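A short worksheet on the structure shown next.
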Amino acid sequence: MNTPAAIELNLEKIRKQFPVLHQQVNGNPLVYLDNAATNQKPKRVIDALTRYYEHDNANIHRGIHTLAERATKAYEETRHTMQRFINAKHVEEIIFTRGVTESINLGSSSYGRAFVKAGDEIIISGMEHHSNIVPWQLICEEKGAIIKVIPLSEVGELDLDAYQKLLSGKTKVVAVNHASNSLGSINPIKEIIDLAHQVGAVVLIDGAQSSAHLPIDVQALDCDFYCISSHKMYGPTGTGILYGKKELLEKMPPYMGGGEMIKDVTFEKTTYNDLPYKFEAGTPNIADVVALNEAILFINELGKENIANHEAELLSYAAKKLSSIPSVRLIGTAREKVSVQLFVIDGIHHFDIGQMLDTRGIAVRTGHHCTQPLMERYGIEGTVRASFSVYNTKEEIDLLAEGVERIVKFLK
Ligand code: C6P
């Protein structure tokens, strides 16, 4: 893994690499604070997409002509870069998907179909995204298995004592996020994984909110599955990966049938391709996978530690500024967090806040953030969410705080 020395990031230089940031929205310079939904793309990623379509476009793993070979090479190069990015032992442990949602569905459906049976238990946490709840409910419904939920404290930290009590010989799978898209909490996944392994359960980690911010070493973590979306780490939409331990993936049945995932087809019987192709049926999202390579290199060159340090500074600055505004209430104040901050203003609907901020060019997310059970835990319907990325500045947070202050003054 590439770990450049700790450096102060040159924000001006970084911002120049993101064309989308340099525009006016509703007559104001864009302040993009919706990075947990999807972050923006540096020019090198956009250029890689164009370059691919202008020079190399062909289907992969099929043709023997020059373009097909170039396209295949570029696609497979991203697999190798991703292998190094998460320190996977084998390159065939990296399966390209459409993103975390598909990665979790692939994992839950294929592993679940083969190994989950009636009466088994699947543990998730109270701060999961719907993508890490519903796929497990589907498999539980099909198999007669049961979901158990790890509770969390008021500040947004998982209750590990309660987790230990939930674990038993019946636990087949533990599925939790590395970092919460709503609360920002970074979960102690190494401890969660080790405890699950003690009862023989496999562990799937939803890495949607960690891949751009936290170091990931799947071998050190010893997780069984790890899911990543490209578009949350400066890469294109529509692609991502499922990492799975080779010995597990080999035992799992295919998720989808079609071209590419087969060795031999007759009307009587089909034999399946080797990993990773067994799980990559059909023509994949070649161009976006190719451009994802540039996004990983972008992160590596800046250094995740440097990115994380900058974002941590932004987060604590934002938390301080927002909490000093009368009637603003922060939700999610765990000790370890990625750069996501939820807040509500008592008496003002979050949609109104979002809309009024948009008139000032400030993009935030409002609503339940695809975590309805979590909102229920806090007795609220939704919140405003500001989430920060490597290109954000303290000046932008000042604009957010000023906007919120005005809304409070205007509406109260
Ligand atoms: N969260 C957000 O605004 P996809 O959409 O498949 O790339 O990722 C789904 C997903 C799964 N888990 C977590 C923790 C996530 O944050 C997300 C996506 C976005 O918070 C869009 S809902």
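Please note that chains go A, B, ... in the order of the structure tokens, that every chain numbers its residues from 1, and that ligands are numbered from 1 in the order shown.
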Pick out the residues sitting within 12 Å of Glu381 in chain A, and hand them over as a list in words; count only C-alpha atoms, and ignore anything fewer than 3 positions along from it in its own chain. Val344, His349, His350, Phe351, Thr366, Gly367, His368, His369, Cys370, Thr371, Gln372, Pro373, Leu374, Met375, Glu376, Arg377, Tyr378 and Val384 of chain A
Please dump the current selection as a PDB file, in the first residue's frame; keep N, CA, C and O atoms.
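result01.pdb, written as the output of this step:
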```
ATOM      1  N   VAL A 344     -30.178  18.570  13.421  1.00  0.00           N
ATOM      2  CA  VAL A 344     -31.576  18.989  13.284  1.00  0.00           C
ATOM      3  C   VAL A 344     -31.698  20.360  13.948  1.00  0.00           C
ATOM      4  O   VAL A 344     -30.882  20.738  14.792  1.00  0.00           O
ATOM      5  N   HIS A 349     -38.347  21.938   9.650  1.00  0.00           N
ATOM      6  CA  HIS A 349     -38.218  20.659   8.952  1.00  0.00           C
ATOM      7  C   HIS A 349     -36.892  20.602   8.184  1.00  0.00           C
ATOM      8  O   HIS A 349     -36.485  21.597   7.578  1.00  0.00           O
ATOM      9  N   HIS A 350     -36.270  19.415   8.203  1.00  0.00           N
ATOM     10  CA  HIS A 350     -34.961  19.285   7.530  1.00  0.00           C
ATOM     11  C   HIS A 350     -35.027  19.608   6.032  1.00  0.00           C
ATOM     12  O   HIS A 350     -34.071  20.145   5.474  1.00  0.00           O
ATOM     13  N   PHE A 351     -36.165  19.286   5.371  1.00  0.00           N
ATOM     14  CA  PHE A 351     -36.275  19.593   3.939  1.00  0.00           C
ATOM     15  C   PHE A 351     -36.200  21.107   3.715  1.00  0.00           C
ATOM     16  O   PHE A 351     -35.588  21.581   2.749  1.00  0.00           O
ATOM     17  N   THR A 366     -30.727  15.772   2.928  1.00  0.00           N
ATOM     18  CA  THR A 366     -31.758  15.807   3.969  1.00  0.00           C
ATOM     19  C   THR A 366     -32.588  14.519   3.866  1.00  0.00           C
ATOM     20  O   THR A 366     -32.641  13.906   2.805  1.00  0.00           O
ATOM     21  N   GLY A 367     -33.214  14.137   4.973  1.00  0.00           N
ATOM     22  CA  GLY A 367     -34.071  12.950   4.949  1.00  0.00           C
ATOM     23  C   GLY A 367     -33.589  11.913   5.939  1.00  0.00           C
ATOM     24  O   GLY A 367     -32.937  12.245   6.941  1.00  0.00           O
ATOM     25  N   HIS A 368     -33.880  10.648   5.629  1.00  0.00           N
ATOM     26  CA  HIS A 368     -33.494   9.573   6.570  1.00  0.00           C
ATOM     27  C   HIS A 368     -32.188   8.900   6.184  1.00  0.00           C
ATOM     28  O   HIS A 368     -31.707   8.011   6.885  1.00  0.00           O
ATOM     29  N   HIS A 369     -31.606   9.313   5.060  1.00  0.00           N
ATOM     30  CA  HIS A 369     -30.294   8.821   4.634  1.00  0.00           C
ATOM     31  C   HIS A 369     -30.262   7.302   4.451  1.00  0.00           C
ATOM     32  O   HIS A 369     -29.222   6.660   4.702  1.00  0.00           O
ATOM     33  N   CYS A 370     -31.410   6.746   4.052  1.00  0.00           N
ATOM     34  CA  CYS A 370     -31.519   5.279   3.869  1.00  0.00           C
ATOM     35  C   CYS A 370     -31.175   4.522   5.147  1.00  0.00           C
ATOM     36  O   CYS A 370     -30.589   3.429   5.099  1.00  0.00           O
ATOM     37  N   THR A 371     -31.493   5.148   6.288  1.00  0.00           N
ATOM     38  CA  THR A 371     -31.275   4.475   7.582  1.00  0.00           C
ATOM     39  C   THR A 371     -32.514   4.722   8.450  1.00  0.00           C
ATOM     40  O   THR A 371     -32.410   5.320   9.527  1.00  0.00           O
ATOM     41  N   GLN A 372     -33.662   4.287   7.976  1.00  0.00           N
ATOM     42  CA  GLN A 372     -34.905   4.559   8.718  1.00  0.00           C
ATOM     43  C   GLN A 372     -34.897   3.966  10.139  1.00  0.00           C
ATOM     44  O   GLN A 372     -35.292   4.659  11.075  1.00  0.00           O
ATOM     45  N   PRO A 373     -34.439   2.709  10.318  1.00  0.00           N
ATOM     46  CA  PRO A 373     -34.429   2.187  11.697  1.00  0.00           C
ATOM     47  C   PRO A 373     -33.561   3.029  12.639  1.00  0.00           C
ATOM     48  O   PRO A 373     -33.865   3.172  13.818  1.00  0.00           O
ATOM     49  N   LEU A 374     -32.484   3.601  12.087  1.00  0.00           N
ATOM     50  CA  LEU A 374     -31.616   4.444  12.921  1.00  0.00           C
ATOM     51  C   LEU A 374     -32.347   5.729  13.323  1.00  0.00           C
ATOM     52  O   LEU A 374     -32.263   6.182  14.472  1.00  0.00           O
ATOM     53  N   MET A 375     -33.082   6.305  12.375  1.00  0.00           N
ATOM     54  CA  MET A 375     -33.852   7.520  12.687  1.00  0.00           C
ATOM     55  C   MET A 375     -34.861   7.210  13.791  1.00  0.00           C
ATOM     56  O   MET A 375     -35.057   8.003  14.711  1.00  0.00           O
ATOM     57  N   GLU A 376     -35.459   6.021  13.679  1.00  0.00           N
ATOM     58  CA  GLU A 376     -36.436   5.612  14.695  1.00  0.00           C
ATOM     59  C   GLU A 376     -35.771   5.517  16.071  1.00  0.00           C
ATOM     60  O   GLU A 376     -36.333   5.908  17.083  1.00  0.00           O
ATOM     61  N   ARG A 377     -34.528   5.016  16.072  1.00  0.00           N
ATOM     62  CA  ARG A 377     -33.763   4.885  17.335  1.00  0.00           C
ATOM     63  C   ARG A 377     -33.650   6.257  18.026  1.00  0.00           C
ATOM     64  O   ARG A 377     -33.671   6.373  19.236  1.00  0.00           O
ATOM     65  N   TYR A 378     -33.524   7.322  17.215  1.00  0.00           N
ATOM     66  CA  TYR A 378     -33.397   8.661  17.790  1.00  0.00           C
ATOM     67  C   TYR A 378     -34.738   9.394  17.865  1.00  0.00           C
ATOM     68  O   TYR A 378     -34.788  10.567  18.243  1.00  0.00           O
ATOM     69  N   VAL A 384     -30.640  16.912   8.631  1.00  0.00           N
ATOM     70  CA  VAL A 384     -29.755  17.464   7.601  1.00  0.00           C
ATOM     71  C   VAL A 384     -28.421  16.747   7.779  1.00  0.00           C
ATOM     72  O   VAL A 384     -28.035  16.420   8.904  1.00  0.00           O
TER      73      VAL A 384
END
```
List all protein, DNA and RNA residues that have at least one atom no more than 6 Å from any atom of ligand 1, counting only C-alpha atoms and all ligand atoms, and write them as number ranges by chain. A: 36-37, 99-101, 129, 131, 177, 180-181, 206, 208-209, 229, 369-370
Mind listing the helix (DSSP H, G or I) residues of range 219-331 of chain A, per DSSP on the backbone, as a ChimeraX atom specification? /A:219-221,230-232,246-251,277-279,286-302,304-323
Which residues are close to Lys41 in chain A, i.e. within 9 Å by only C-alpha atoms, leaving aside same-chain residues fewer than 5 positions away? Reply as a list in words. Gln17, Phe18, Pro19, Val20, Ile46, His231, Met233, Tyr234, Gly235, Pro236 and Ala295 of chain A
Got a sec: who's within 12 Å of Arg360 in chain A, counting only C-alpha atoms, leaving out chain neighbours fewer than 5 positions off, as a PDB file with N, CA and C atoms, in the first residue's frame?
```
ATOM      1  N   GLN A  24     -21.284  28.285 -10.375  1.00  0.00           N
ATOM      2  CA  GLN A  24     -22.232  29.004  -9.518  1.00  0.00           C
ATOM      3  C   GLN A  24     -23.520  28.185  -9.463  1.00  0.00           C
ATOM      4  N   VAL A  25     -24.101  28.101  -8.281  1.00  0.00           N
ATOM      5  CA  VAL A  25     -25.414  27.460  -8.130  1.00  0.00           C
ATOM      6  C   VAL A  25     -26.332  28.477  -7.468  1.00  0.00           C
ATOM      7  N   ASN A  26     -27.422  28.769  -8.126  1.00  0.00           N
ATOM      8  CA  ASN A  26     -28.350  29.793  -7.634  1.00  0.00           C
ATOM      9  C   ASN A  26     -27.634  31.113  -7.321  1.00  0.00           C
ATOM     10  N   GLY A  27     -26.704  31.465  -8.188  1.00  0.00           N
ATOM     11  CA  GLY A  27     -26.022  32.759  -8.063  1.00  0.00           C
ATOM     12  C   GLY A  27     -24.903  32.791  -7.034  1.00  0.00           C
ATOM     13  N   ASN A  28     -24.579  31.633  -6.463  1.00  0.00           N
ATOM     14  CA  ASN A  28     -23.503  31.575  -5.466  1.00  0.00           C
ATOM     15  C   ASN A  28     -22.498  30.492  -5.857  1.00  0.00           C
ATOM     16  N   PRO A  29     -21.245  30.646  -5.420  1.00  0.00           N
ATOM     17  CA  PRO A  29     -20.279  29.571  -5.703  1.00  0.00           C
ATOM     18  C   PRO A  29     -20.752  28.273  -5.034  1.00  0.00           C
ATOM     19  N   LEU A  30     -20.669  27.184  -5.773  1.00  0.00           N
ATOM     20  CA  LEU A  30     -21.100  25.892  -5.228  1.00  0.00           C
ATOM     21  C   LEU A  30     -20.290  25.532  -3.980  1.00  0.00           C
ATOM     22  N   VAL A  31     -21.018  25.119  -2.929  1.00  0.00           N
ATOM     23  CA  VAL A  31     -20.386  24.543  -1.733  1.00  0.00           C
ATOM     24  C   VAL A  31     -20.922  23.120  -1.642  1.00  0.00           C
ATOM     25  N   TYR A  32     -20.114  22.169  -2.044  1.00  0.00           N
ATOM     26  CA  TYR A  32     -20.610  20.783  -2.149  1.00  0.00           C
ATOM     27  C   TYR A  32     -20.294  20.017  -0.865  1.00  0.00           C
ATOM     28  N   ILE A 353     -34.675  23.242   5.539  1.00  0.00           N
ATOM     29  CA  ILE A 353     -33.294  23.690   5.749  1.00  0.00           C
ATOM     30  C   ILE A 353     -32.469  23.400   4.486  1.00  0.00           C
ATOM     31  N   GLY A 354     -32.634  22.177   3.967  1.00  0.00           N
ATOM     32  CA  GLY A 354     -31.894  21.776   2.762  1.00  0.00           C
ATOM     33  C   GLY A 354     -32.192  22.692   1.596  1.00  0.00           C
ATOM     34  N   GLN A 355     -33.481  23.009   1.435  1.00  0.00           N
ATOM     35  CA  GLN A 355     -33.880  23.858   0.305  1.00  0.00           C
ATOM     36  C   GLN A 355     -33.325  25.270   0.449  1.00  0.00           C
ATOM     37  N   GLU A 396     -15.826  27.064   3.475  1.00  0.00           N
ATOM     38  CA  GLU A 396     -17.115  26.501   3.059  1.00  0.00           C
ATOM     39  C   GLU A 396     -17.970  26.167   4.291  1.00  0.00           C
ATOM     40  N   LEU A 399     -19.564  29.216   5.482  1.00  0.00           N
ATOM     41  CA  LEU A 399     -20.759  29.547   4.681  1.00  0.00           C
ATOM     42  C   LEU A 399     -21.950  28.698   5.107  1.00  0.00           C
ATOM     43  N   LEU A 400     -21.689  27.428   5.408  1.00  0.00           N
ATOM     44  CA  LEU A 400     -22.766  26.549   5.885  1.00  0.00           C
ATOM     45  C   LEU A 400     -23.324  27.094   7.207  1.00  0.00           C
ATOM     46  N   ALA A 401     -22.425  27.409   8.126  1.00  0.00           N
ATOM     47  CA  ALA A 401     -22.865  27.878   9.451  1.00  0.00           C
ATOM     48  C   ALA A 401     -23.632  29.201   9.312  1.00  0.00           C
ATOM     49  N   GLU A 402     -23.143  30.079   8.448  1.00  0.00           N
ATOM     50  CA  GLU A 402     -23.818  31.365   8.219  1.00  0.00           C
ATOM     51  C   GLU A 402     -25.231  31.115   7.657  1.00  0.00           C
ATOM     52  N   GLY A 403     -25.318  30.194   6.715  1.00  0.00           N
ATOM     53  CA  GLY A 403     -26.614  29.849   6.122  1.00  0.00           C
ATOM     54  C   GLY A 403     -27.572  29.308   7.171  1.00  0.00           C
ATOM     55  N   VAL A 404     -27.083  28.426   8.018  1.00  0.00           N
ATOM     56  CA  VAL A 404     -27.936  27.825   9.055  1.00  0.00           C
ATOM     57  C   VAL A 404     -28.380  28.907  10.052  1.00  0.00           C
ATOM     58  N   ARG A 406     -28.813  32.054   9.531  1.00  0.00           N
ATOM     59  CA  ARG A 406     -29.857  32.881   8.882  1.00  0.00           C
ATOM     60  C   ARG A 406     -31.206  32.176   8.915  1.00  0.00           C
ATOM     61  N   ILE A 407     -31.188  30.868   8.637  1.00  0.00           N
ATOM     62  CA  ILE A 407     -32.442  30.110   8.616  1.00  0.00           C
ATOM     63  C   ILE A 407     -33.080  30.149  10.004  1.00  0.00           C
TER      64      ILE A 407
END
```
Quick one: residues within 10 Å of range 201-205 of chain A, only C-alpha atoms counted, chain neighbours fewer than 3 positions away excluded, as a ChimeraX atom specification? /A:103-104,107-108,111,121-124,132,167-179,189,192-198,208,218,222-228,242-244,248
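For the pair CA of Met356 in chain A and CA of Tyr391 in chain A, the separation is 23.1 Å.
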May I ask for the distance between CA of Ile7 in chain A and CA of Lys394 in chain A, given in Å to one decimal place?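 Spanning CA of Ile7 in chain A to CA of Lys394 in chain A is a straight-line distance of 17.7 Å.
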Kindly indicate which residue among A:Ile139, A:Leu302, A:Lys16, A:Tyr75 lies nearest to Thr283 in chain A, using only C-alpha atoms for the distances.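 Smallest separation from Thr283 in chain A among the options: A:Tyr75.
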Counting only C-alpha atoms, the option among A:Leu183, A:Leu292, A:Ala386, A:Ala58 closest to Thr72 in chain A: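 That would be A:Ala58, the residue with the smallest distance to Thr72 in chain A.
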To one decimal place, how far is CA of Asp34 in chain A from CA of Pro135 in chain A in Å?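 Spanning CA of Asp34 in chain A to CA of Pro135 in chain A is a straight-line distance of 25.4 Å.
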Considering only C-alpha atoms, can you say which of A:Pro215, A:Gly282, A:Pro253, A:Gly347 comes closest to Ser109 in chain A? A:Pro253
Among range 190-264 of chain A, which ones does DSSP assign to strand (DSSP E or B) (computed from the backbone)? Answer as a count of residues only. 18
From A:Lys190, A:Lys232, A:Arg15, A:Arg84, residue lying nearest Ser210 in chain A [only C-alpha atoms]: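 Of A:Lys190, A:Lys232, A:Arg15, A:Arg84, the one nearest Ser210 in chain A is A:Lys232, counting only C-alpha atoms.
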Which of these residues is nearest to Ile299 in chain A, using only C-alpha atoms: A:His213, A:Glu191, A:Ala6, A:Met127?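 The shortest atom-to-atom distance to Ile299 in chain A comes from A:His213.
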Among listed residues A:Ala71, A:Leu297, A:Ile362, A:Met82, nearest Asn285 in chain A (using only C-alpha atoms):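 With only C-alpha atoms as the atom set, the closest residue is A:Ala71.
If you count only C-alpha atoms and ignore residues fewer than 3 places along the chain from Glu141 in chain A, what sits within 12 Å of it is Ser109, Gly112, Arg113, Val116, Lys117, Ala118, Gly119, Asp120, Glu121, Ile122, Val134, Pro135, Trp136, Gln137, Leu138, Gly144, Ala145, Ile146 and Ile147 of chain A.
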I'd like the neighbourhood of Ala281 in chain A as a list in words, where a residue qualifies if any of its atoms comes within 8 Å (using only C-alpha atoms), though same-chain residues fewer than 5 positions away should be ignored. Met256, Gly257, Gly258, Gly259, Glu260 and Met261 of chain A
Selection file, N, CA and C atoms, as a PDB file, in the first residue's frame:
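The result, stored in result.pdb:
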```pdb
ATOM      1  N   MET A 256     -25.457 -14.676 -10.655  1.00  0.00           N
ATOM      2  CA  MET A 256     -26.230 -14.508 -11.886  1.00  0.00           C
ATOM      3  C   MET A 256     -25.649 -15.455 -12.940  1.00  0.00           C
ATOM      4  N   GLY A 257     -26.537 -15.925 -13.807  1.00  0.00           N
ATOM      5  CA  GLY A 257     -26.071 -16.778 -14.894  1.00  0.00           C
ATOM      6  C   GLY A 257     -25.986 -15.975 -16.187  1.00  0.00           C
ATOM      7  N   GLY A 258     -25.113 -16.390 -17.092  1.00  0.00           N
ATOM      8  CA  GLY A 258     -25.006 -15.694 -18.375  1.00  0.00           C
ATOM      9  C   GLY A 258     -23.649 -15.938 -18.997  1.00  0.00           C
ATOM     10  N   GLY A 259     -23.301 -15.070 -19.941  1.00  0.00           N
ATOM     11  CA  GLY A 259     -21.988 -15.179 -20.572  1.00  0.00           C
ATOM     12  C   GLY A 259     -20.902 -14.892 -19.562  1.00  0.00           C
ATOM     13  N   GLU A 260     -19.691 -15.317 -19.863  1.00  0.00           N
ATOM     14  CA  GLU A 260     -18.487 -15.005 -19.086  1.00  0.00           C
ATOM     15  C   GLU A 260     -18.337 -15.821 -17.796  1.00  0.00           C
ATOM     16  N   MET A 261     -19.476 -16.181 -17.161  1.00  0.00           N
ATOM     17  CA  MET A 261     -19.346 -16.894 -15.880  1.00  0.00           C
ATOM     18  C   MET A 261     -19.308 -18.420 -16.075  1.00  0.00           C
TER      19      MET A 261
END
```
